[in-house]
$ cat query.txt   # compact mmCIF, C-alpha atoms and all ligand atoms
# COMPACT_ATOMS: atom_id res chain seq x y z
CA MET A 1 9.44 -3.46 5.39
CA LYS A 2 6.50 -1.15 5.94
CA ILE A 3 3.89 -1.78 3.27
CA ALA A 4 0.74 0.23 2.56
CA LEU A 5 -2.24 -1.57 1.01
CA ILE A 6 -5.03 0.51 -0.49
CA ALA A 7 -7.87 -0.39 -2.84
CA HIS A 8 -10.78 1.57 -4.21
CA ASP A 9 -14.15 -0.10 -3.79
CA LYS A 10 -14.31 -1.83 -7.18
CA LYS A 11 -10.77 -3.16 -6.66
CA LYS A 12 -11.24 -4.49 -3.14
CA GLU A 13 -11.99 -8.05 -4.26
CA ASP A 14 -8.79 -8.02 -6.32
CA MET A 15 -6.86 -6.76 -3.29
CA ILE A 16 -8.27 -9.49 -1.07
CA ARG A 17 -7.36 -12.18 -3.59
CA PHE A 18 -3.91 -10.64 -3.94
CA ALA A 19 -3.32 -10.42 -0.18
CA THR A 20 -4.52 -14.01 0.21
CA ALA A 21 -2.22 -15.25 -2.54
CA TYR A 22 0.80 -13.51 -1.03
CA LYS A 23 -0.13 -13.91 2.62
CA ASP A 24 3.11 -15.76 3.43
CA ILE A 25 5.18 -12.86 2.13
CA PHE A 26 3.02 -10.17 3.69
CA SER A 27 3.08 -11.87 7.09
CA LYS A 28 6.83 -11.18 7.30
CA HIS A 29 6.31 -7.42 6.99
CA GLU A 30 4.59 -4.55 8.76
CA LEU A 31 1.29 -3.81 7.06
CA PHE A 32 -0.69 -0.58 6.90
CA ALA A 33 -3.92 0.19 5.07
CA THR A 34 -6.73 2.63 4.62
CA GLY A 35 -9.69 1.79 6.86
CA THR A 36 -12.02 -0.35 4.79
CA THR A 37 -9.32 -2.02 2.73
CA GLY A 38 -7.49 -2.99 5.92
CA LEU A 39 -10.61 -4.36 7.57
CA ARG A 40 -11.51 -6.46 4.54
CA ILE A 41 -7.99 -7.88 4.26
CA GLN A 42 -7.85 -8.60 7.99
CA GLU A 43 -11.17 -10.45 7.88
CA ALA A 44 -10.18 -12.48 4.84
CA THR A 45 -6.60 -13.35 5.76
CA GLY A 46 -6.11 -12.83 9.50
CA LEU A 47 -3.06 -10.67 8.72
CA SER A 48 -2.29 -8.02 11.30
CA ILE A 49 -2.71 -4.55 9.78
CA HIS A 50 -2.42 -1.04 11.16
CA ARG A 51 -5.51 0.70 9.84
CA PHE A 52 -5.73 4.40 9.12
CA GLN A 53 -8.91 6.35 8.38
CA SER A 54 -10.96 5.36 5.39
CA GLY A 55 -9.59 6.92 2.19
CA PRO A 56 -12.31 9.56 1.71
CA LEU A 57 -11.94 10.53 5.38
CA GLY A 58 -8.21 11.18 5.22
CA GLY A 59 -6.58 7.74 5.09
CA ASP A 60 -4.63 8.49 1.92
CA GLN A 61 -3.27 11.62 3.55
CA GLU A 62 -2.23 9.69 6.65
CA ILE A 63 -0.27 7.27 4.49
CA GLY A 64 1.18 10.24 2.60
CA ALA A 65 2.37 11.70 5.90
CA ARG A 66 4.20 8.43 6.68
CA ILE A 67 5.87 8.61 3.29
CA ALA A 68 6.95 12.21 3.93
CA ARG A 69 8.53 11.06 7.21
CA ASN A 70 10.39 8.25 5.41
CA GLU A 71 8.27 5.67 7.23
CA MET A 72 6.83 3.70 4.31
CA ASP A 73 8.78 1.39 2.00
CA LEU A 74 6.24 0.14 -0.51
CA VAL A 75 2.76 1.22 -1.60
CA LEU A 76 0.29 -1.09 -3.34
CA PHE A 77 -2.66 1.03 -4.41
CA PHE A 78 -5.26 -0.69 -6.56
CA ARG A 79 -6.89 2.36 -8.09
CA ASP A 80 -10.19 2.39 -9.90
CA PRO A 81 -9.56 4.54 -12.97
CA LEU A 82 -13.20 4.34 -14.11
CA THR A 83 -14.94 5.84 -11.09
CA SER A 84 -14.50 9.40 -9.88
CA GLN A 85 -13.52 9.65 -6.24
CA PRO A 86 -14.66 12.44 -3.92
CA HIS A 87 -11.13 12.60 -2.54
CA GLU A 88 -9.31 12.55 -5.88
CA PRO A 89 -6.89 15.29 -4.72
CA ASP A 90 -5.80 13.03 -1.85
CA VAL A 91 -5.24 10.14 -4.26
CA SER A 92 -3.08 12.34 -6.51
CA ALA A 93 -1.18 13.70 -3.52
CA LEU A 94 -0.33 10.21 -2.31
CA ILE A 95 0.94 9.15 -5.70
CA ARG A 96 2.90 12.38 -5.98
CA LEU A 97 4.61 11.81 -2.62
CA CYS A 98 5.66 8.33 -3.71
CA ASP A 99 7.38 10.01 -6.65
CA VAL A 100 8.87 12.77 -4.49
CA TYR A 101 10.48 10.19 -2.17
CA SER A 102 11.11 7.41 -4.74
CA ILE A 103 8.89 4.96 -2.90
CA PRO A 104 8.05 1.88 -4.99
CA LEU A 105 4.38 2.21 -5.96
CA ALA A 106 2.02 -0.11 -7.82
CA THR A 107 -1.29 1.35 -8.95
CA ASN A 108 -2.59 -1.92 -10.36
CA MET A 109 -2.37 -5.63 -9.66
CA GLY A 110 -0.03 -6.37 -12.58
CA THR A 111 2.67 -4.11 -11.21
CA ALA A 112 1.96 -5.22 -7.65
CA GLU A 113 2.82 -8.80 -8.67
CA VAL A 114 6.23 -7.69 -9.84
CA LEU A 115 6.90 -5.60 -6.74
CA VAL A 116 5.86 -8.29 -4.28
CA ARG A 117 8.01 -10.90 -6.01
CA GLY A 118 10.85 -8.36 -5.92
CA LEU A 119 10.17 -7.77 -2.23
CA LYS A 120 10.55 -11.51 -1.58
CA ARG A 121 13.81 -11.61 -3.54
CA GLY A 122 15.24 -8.70 -1.58
CA ASP A 123 15.08 -6.15 -4.39
CA ILE A 124 13.76 -3.48 -2.03
CA GLU A 125 16.42 -3.92 0.67
CA TRP A 126 17.90 -0.56 -0.33
CA ARG A 127 14.95 1.01 1.47
CA LYS A 128 16.44 -0.07 4.80
CA ILE A 129 19.55 1.97 4.06
CA GLU A 130 17.45 4.96 3.00
CA ARG A 131 15.39 4.70 6.17
CA ASP A 132 18.41 4.42 8.43
CA GLN A 133 19.88 7.54 6.85
CA GLY A 134 16.40 9.12 7.24
O1 LIG A 201 -10.46 5.43 -0.93
C1 LIG A 201 -9.48 4.76 -0.74
C2 LIG A 201 -8.19 5.18 -1.29
O2 LIG A 201 -8.22 6.39 -2.01
C3 LIG A 201 -9.54 3.53 0.05
O3 LIG A 201 -10.17 3.75 1.27
P1 LIG A 201 -10.84 2.55 2.05
O4 LIG A 201 -9.85 1.46 2.16
O5 LIG A 201 -11.24 3.08 3.39
O6 LIG A 201 -12.05 2.14 1.24
$ encode --input "query.txt" --output "structure tokens"
Amino acid sequence: MKIALIAHDKKKEDMIRFATAYKDIFSKHELFATGTTGLRIQEATGLSIHRFQSGPLGGDQEIGARIARNEMDLVLFFRDPLTSQPHEPDVSALIRLCDVYSIPLATNMGTAEVLVRGLKRGDIEWRKIERDQG
């Protein structure tokens, strides 16, 4: 599965702990991330990650473009709801595209736990069929 990992600055520590905790699962999949999130996860876990631009520089839009091309299966986006982001329209657009294409999306760690456990159990295998029909 192709998985996007994104975290706003105040959620990056959470993301690193999360990626570390589920490293064994993540290592079986193809990982993508916005620039700084990806770098931090790579440094902390050694996982191989395709890094896009940093979020404020267009990284969210790059991930959105992958979704629009049916090239992303799961998005884990640890948003910071208490800090305004200069690229808020990009954040909203990414979330919107997940809804347009029915891509499983977690916007906080609680939901991400459920999705990653589901991923391990095979609950997201239907995405392979969707992608093949692409
Ligand atoms: O801003 C972000 C998502 O909207 C995350 O970007 P970085 O991972 O580059 O910090």
$ residues_near_point --input "query.txt" --point "(-12.7, 2.9, 2.5)" --cutoff "7 Å" --atoms "all atoms listed in the file" --output "JSON, numbers by chain"
{"A": [34, 35, 36, 37, 54, 55, 56]}
$ write_last_selection --input "query.txt" --atoms "C-alpha atoms" --output "short mmCIF file (atom, residue, chain, number, x, y, z; two decimals), in the frame of the given file"
data_model
loop_
_atom_site.label_atom_id
_atom_site.label_comp_id
_atom_site.auth_asym_id
_atom_site.auth_seq_id
_atom_site.Cartn_x
_atom_site.Cartn_y
_atom_site.Cartn_z
CA THR A 34 -6.73 2.63 4.62
CA GLY A 35 -9.69 1.79 6.86
CA THR A 36 -12.02 -0.35 4.79
CA THR A 37 -9.32 -2.02 2.73
CA SER A 54 -10.96 5.36 5.39
CA GLY A 55 -9.59 6.92 2.19
CA PRO A 56 -12.31 9.56 1.71
#
$ residues_near_ligand --input "query.txt" --ligand "ligand LIG 201 (chain A)" --cutoff "9 Å" --atoms "only C-alpha atoms and all ligand atoms" --output "number ranges by chain"
A: 5-9, 12, 33-40, 51-60, 77-79, 85-88, 90-91, 94
$ atom_distance --input "query.txt" --atom1 "atom CA of A:Cys98" --atom2 "atom CA of A:Ala21"
24.9 Å
$ atom_distance --input "query.txt" --atom1 "atom CA of A:Gly46" --atom2 "atom CA of A:Thr83"
29.2 Å
$ atom_distance --input "query.txt" --atom1 "atom CA of A:Arg131" --atom2 "atom CA of A:Met72"
8.8 Å
$ closest_residue --input "query.txt" --among "A:Met1, A:Leu82, A:Ala19, A:Lys28" --to "A:Glu43" --atoms "all atoms listed in the file"
A:Ala19
$ residues_near_point --input "query.txt" --point "(10.8, 11.7, -1.0)" --cutoff "9 Å" --atoms "all atoms listed in the file" --output "PDB file with C-alpha atoms, in the frame of the given file"
ATOM      1  CA  ILE A  67       5.870   8.610   3.290  1.00  0.00           C
ATOM      2  CA  ALA A  68       6.950  12.210   3.930  1.00  0.00           C
ATOM      3  CA  ARG A  69       8.530  11.060   7.210  1.00  0.00           C
ATOM      4  CA  ASN A  70      10.390   8.250   5.410  1.00  0.00           C
ATOM      5  CA  LEU A  97       4.610  11.810  -2.620  1.00  0.00           C
ATOM      6  CA  CYS A  98       5.660   8.330  -3.710  1.00  0.00           C
ATOM      7  CA  ASP A  99       7.380  10.010  -6.650  1.00  0.00           C
ATOM      8  CA  VAL A 100       8.870  12.770  -4.490  1.00  0.00           C
ATOM      9  CA  TYR A 101      10.480  10.190  -2.170  1.00  0.00           C
ATOM     10  CA  SER A 102      11.110   7.410  -4.740  1.00  0.00           C
ATOM     11  CA  ILE A 103       8.890   4.960  -2.900  1.00  0.00           C
TER      12      ILE A 103
END
$ closest_residue --input "query.txt" --among "A:Ile16, A:Glu62, A:Leu31, A:Leu76" --to "A:Val116" --atoms "only C-alpha atoms"
A:Leu76
$ closest_residue --input "query.txt" --among "A:Lys128, A:Lys2, A:Arg17, A:Arg117" --to "A:His50" --atoms "all atoms listed in the file"
A:Lys2
$ closest_residue --input "query.txt" --among "A:Ile95, A:Ile49, A:Met15, A:Ile25" --to "A:Gln61" --atoms "all atoms listed in the file"
A:Ile95
$ build_atoms --input "query.txt" --residues "stretch 114-125 of chain A" --atoms "all heavy atoms" --output "PDB file, in the coordinates of the input"
ATOM      1  N   VAL A 114       4.790  -7.831  -9.627  1.00  0.00           N
ATOM      2  CA  VAL A 114       6.230  -7.690  -9.840  1.00  0.00           C
ATOM      3  C   VAL A 114       6.907  -7.171  -8.561  1.00  0.00           C
ATOM      4  O   VAL A 114       7.957  -7.682  -8.143  1.00  0.00           O
ATOM      5  CB  VAL A 114       6.512  -6.726 -11.018  1.00  0.00           C
ATOM      6  CG1 VAL A 114       8.011  -6.523 -11.211  1.00  0.00           C
ATOM      7  CG2 VAL A 114       5.878  -7.247 -12.293  1.00  0.00           C
ATOM      8  N   LEU A 115       6.294  -6.180  -7.936  1.00  0.00           N
ATOM      9  CA  LEU A 115       6.900  -5.600  -6.740  1.00  0.00           C
ATOM     10  C   LEU A 115       6.938  -6.596  -5.581  1.00  0.00           C
ATOM     11  O   LEU A 115       7.938  -6.669  -4.854  1.00  0.00           O
ATOM     12  CB  LEU A 115       6.151  -4.338  -6.315  1.00  0.00           C
ATOM     13  CG  LEU A 115       6.328  -3.112  -7.211  1.00  0.00           C
ATOM     14  CD1 LEU A 115       5.687  -1.884  -6.572  1.00  0.00           C
ATOM     15  CD2 LEU A 115       7.791  -2.828  -7.490  1.00  0.00           C
ATOM     16  N   VAL A 116       5.883  -7.367  -5.410  1.00  0.00           N
ATOM     17  CA  VAL A 116       5.860  -8.290  -4.280  1.00  0.00           C
ATOM     18  C   VAL A 116       6.860  -9.432  -4.493  1.00  0.00           C
ATOM     19  O   VAL A 116       7.528  -9.875  -3.554  1.00  0.00           O
ATOM     20  CB  VAL A 116       4.431  -8.810  -4.016  1.00  0.00           C
ATOM     21  CG1 VAL A 116       4.431  -9.971  -3.048  1.00  0.00           C
ATOM     22  CG2 VAL A 116       3.579  -7.683  -3.460  1.00  0.00           C
ATOM     23  N   ARG A 117       6.986  -9.880  -5.732  1.00  0.00           N
ATOM     24  CA  ARG A 117       8.010 -10.900  -6.010  1.00  0.00           C
ATOM     25  C   ARG A 117       9.412 -10.314  -5.794  1.00  0.00           C
ATOM     26  O   ARG A 117      10.313 -10.980  -5.274  1.00  0.00           O
ATOM     27  CB  ARG A 117       7.868 -11.434  -7.435  1.00  0.00           C
ATOM     28  CG  ARG A 117       6.677 -12.378  -7.557  1.00  0.00           C
ATOM     29  CD  ARG A 117       6.213 -12.490  -8.988  1.00  0.00           C
ATOM     30  NE  ARG A 117       4.906 -13.113  -9.056  1.00  0.00           N
ATOM     31  CZ  ARG A 117       4.697 -14.357  -9.457  1.00  0.00           C
ATOM     32  NH1 ARG A 117       5.714 -15.106  -9.845  1.00  0.00           N
ATOM     33  NH2 ARG A 117       3.489 -14.855  -9.500  1.00  0.00           N
ATOM     34  N   GLY A 118       9.580  -9.046  -6.171  1.00  0.00           N
ATOM     35  CA  GLY A 118      10.850  -8.360  -5.920  1.00  0.00           C
ATOM     36  C   GLY A 118      11.117  -8.215  -4.430  1.00  0.00           C
ATOM     37  O   GLY A 118      12.244  -8.392  -3.962  1.00  0.00           O
ATOM     38  N   LEU A 119      10.060  -7.901  -3.693  1.00  0.00           N
ATOM     39  CA  LEU A 119      10.170  -7.770  -2.230  1.00  0.00           C
ATOM     40  C   LEU A 119      10.696  -9.088  -1.645  1.00  0.00           C
ATOM     41  O   LEU A 119      11.620  -9.085  -0.817  1.00  0.00           O
ATOM     42  CB  LEU A 119       8.782  -7.450  -1.675  1.00  0.00           C
ATOM     43  CG  LEU A 119       8.594  -7.489  -0.168  1.00  0.00           C
ATOM     44  CD1 LEU A 119       9.297  -6.298   0.482  1.00  0.00           C
ATOM     45  CD2 LEU A 119       7.088  -7.454   0.191  1.00  0.00           C
ATOM     46  N   LYS A 120      10.135 -10.191  -2.097  1.00  0.00           N
ATOM     47  CA  LYS A 120      10.550 -11.510  -1.580  1.00  0.00           C
ATOM     48  C   LYS A 120      12.019 -11.792  -1.906  1.00  0.00           C
ATOM     49  O   LYS A 120      12.757 -12.358  -1.101  1.00  0.00           O
ATOM     50  CB  LYS A 120       9.650 -12.599  -2.174  1.00  0.00           C
ATOM     51  CG  LYS A 120       9.928 -13.973  -1.606  1.00  0.00           C
ATOM     52  CD  LYS A 120       9.053 -15.025  -2.223  1.00  0.00           C
ATOM     53  CE  LYS A 120       9.385 -16.388  -1.646  1.00  0.00           C
ATOM     54  NZ  LYS A 120       8.797 -17.464  -2.439  1.00  0.00           N
ATOM     55  N   ARG A 121      12.427 -11.362  -3.090  1.00  0.00           N
ATOM     56  CA  ARG A 121      13.810 -11.610  -3.540  1.00  0.00           C
ATOM     57  C   ARG A 121      14.821 -10.689  -2.899  1.00  0.00           C
ATOM     58  O   ARG A 121      16.028 -10.853  -3.068  1.00  0.00           O
ATOM     59  CB  ARG A 121      13.868 -11.352  -5.048  1.00  0.00           C
ATOM     60  CG  ARG A 121      13.832 -12.579  -5.873  1.00  0.00           C
ATOM     61  CD  ARG A 121      14.160 -12.347  -7.302  1.00  0.00           C
ATOM     62  NE  ARG A 121      14.280 -10.967  -7.728  1.00  0.00           N
ATOM     63  CZ  ARG A 121      14.107 -10.586  -8.985  1.00  0.00           C
ATOM     64  NH1 ARG A 121      13.809 -11.469  -9.893  1.00  0.00           N
ATOM     65  NH2 ARG A 121      14.244  -9.328  -9.321  1.00  0.00           N
ATOM     66  N   GLY A 122      14.320  -9.645  -2.220  1.00  0.00           N
ATOM     67  CA  GLY A 122      15.240  -8.700  -1.580  1.00  0.00           C
ATOM     68  C   GLY A 122      15.543  -7.479  -2.418  1.00  0.00           C
ATOM     69  O   GLY A 122      16.448  -6.701  -2.091  1.00  0.00           O
ATOM     70  N   ASP A 123      14.799  -7.274  -3.488  1.00  0.00           N
ATOM     71  CA  ASP A 123      15.080  -6.150  -4.390  1.00  0.00           C
ATOM     72  C   ASP A 123      14.831  -4.780  -3.742  1.00  0.00           C
ATOM     73  O   ASP A 123      15.251  -3.757  -4.291  1.00  0.00           O
ATOM     74  CB  ASP A 123      14.201  -6.225  -5.648  1.00  0.00           C
ATOM     75  CG  ASP A 123      14.577  -7.399  -6.535  1.00  0.00           C
ATOM     76  OD1 ASP A 123      15.593  -8.064  -6.258  1.00  0.00           O
ATOM     77  OD2 ASP A 123      13.842  -7.658  -7.505  1.00  0.00           O
ATOM     78  N   ILE A 124      14.097  -4.777  -2.627  1.00  0.00           N
ATOM     79  CA  ILE A 124      13.760  -3.480  -2.030  1.00  0.00           C
ATOM     80  C   ILE A 124      14.560  -3.241  -0.747  1.00  0.00           C
ATOM     81  O   ILE A 124      14.285  -2.315   0.015  1.00  0.00           O
ATOM     82  CB  ILE A 124      12.225  -3.403  -1.810  1.00  0.00           C
ATOM     83  CG1 ILE A 124      11.498  -3.711  -3.130  1.00  0.00           C
ATOM     84  CG2 ILE A 124      11.782  -2.007  -1.368  1.00  0.00           C
ATOM     85  CD1 ILE A 124       9.990  -3.799  -3.017  1.00  0.00           C
ATOM     86  N   GLU A 125      15.595  -4.063  -0.556  1.00  0.00           N
ATOM     87  CA  GLU A 125      16.420  -3.920   0.670  1.00  0.00           C
ATOM     88  C   GLU A 125      17.075  -2.552   0.778  1.00  0.00           C
ATOM     89  O   GLU A 125      17.379  -2.089   1.879  1.00  0.00           O
ATOM     90  CB  GLU A 125      17.492  -5.020   0.713  1.00  0.00           C
ATOM     91  CG  GLU A 125      16.938  -6.416   0.982  1.00  0.00           C
ATOM     92  CD  GLU A 125      16.219  -6.518   2.322  1.00  0.00           C
ATOM     93  OE1 GLU A 125      16.865  -6.250   3.350  1.00  0.00           O
ATOM     94  OE2 GLU A 125      15.031  -6.853   2.323  1.00  0.00           O
TER      95      GLU A 125
END
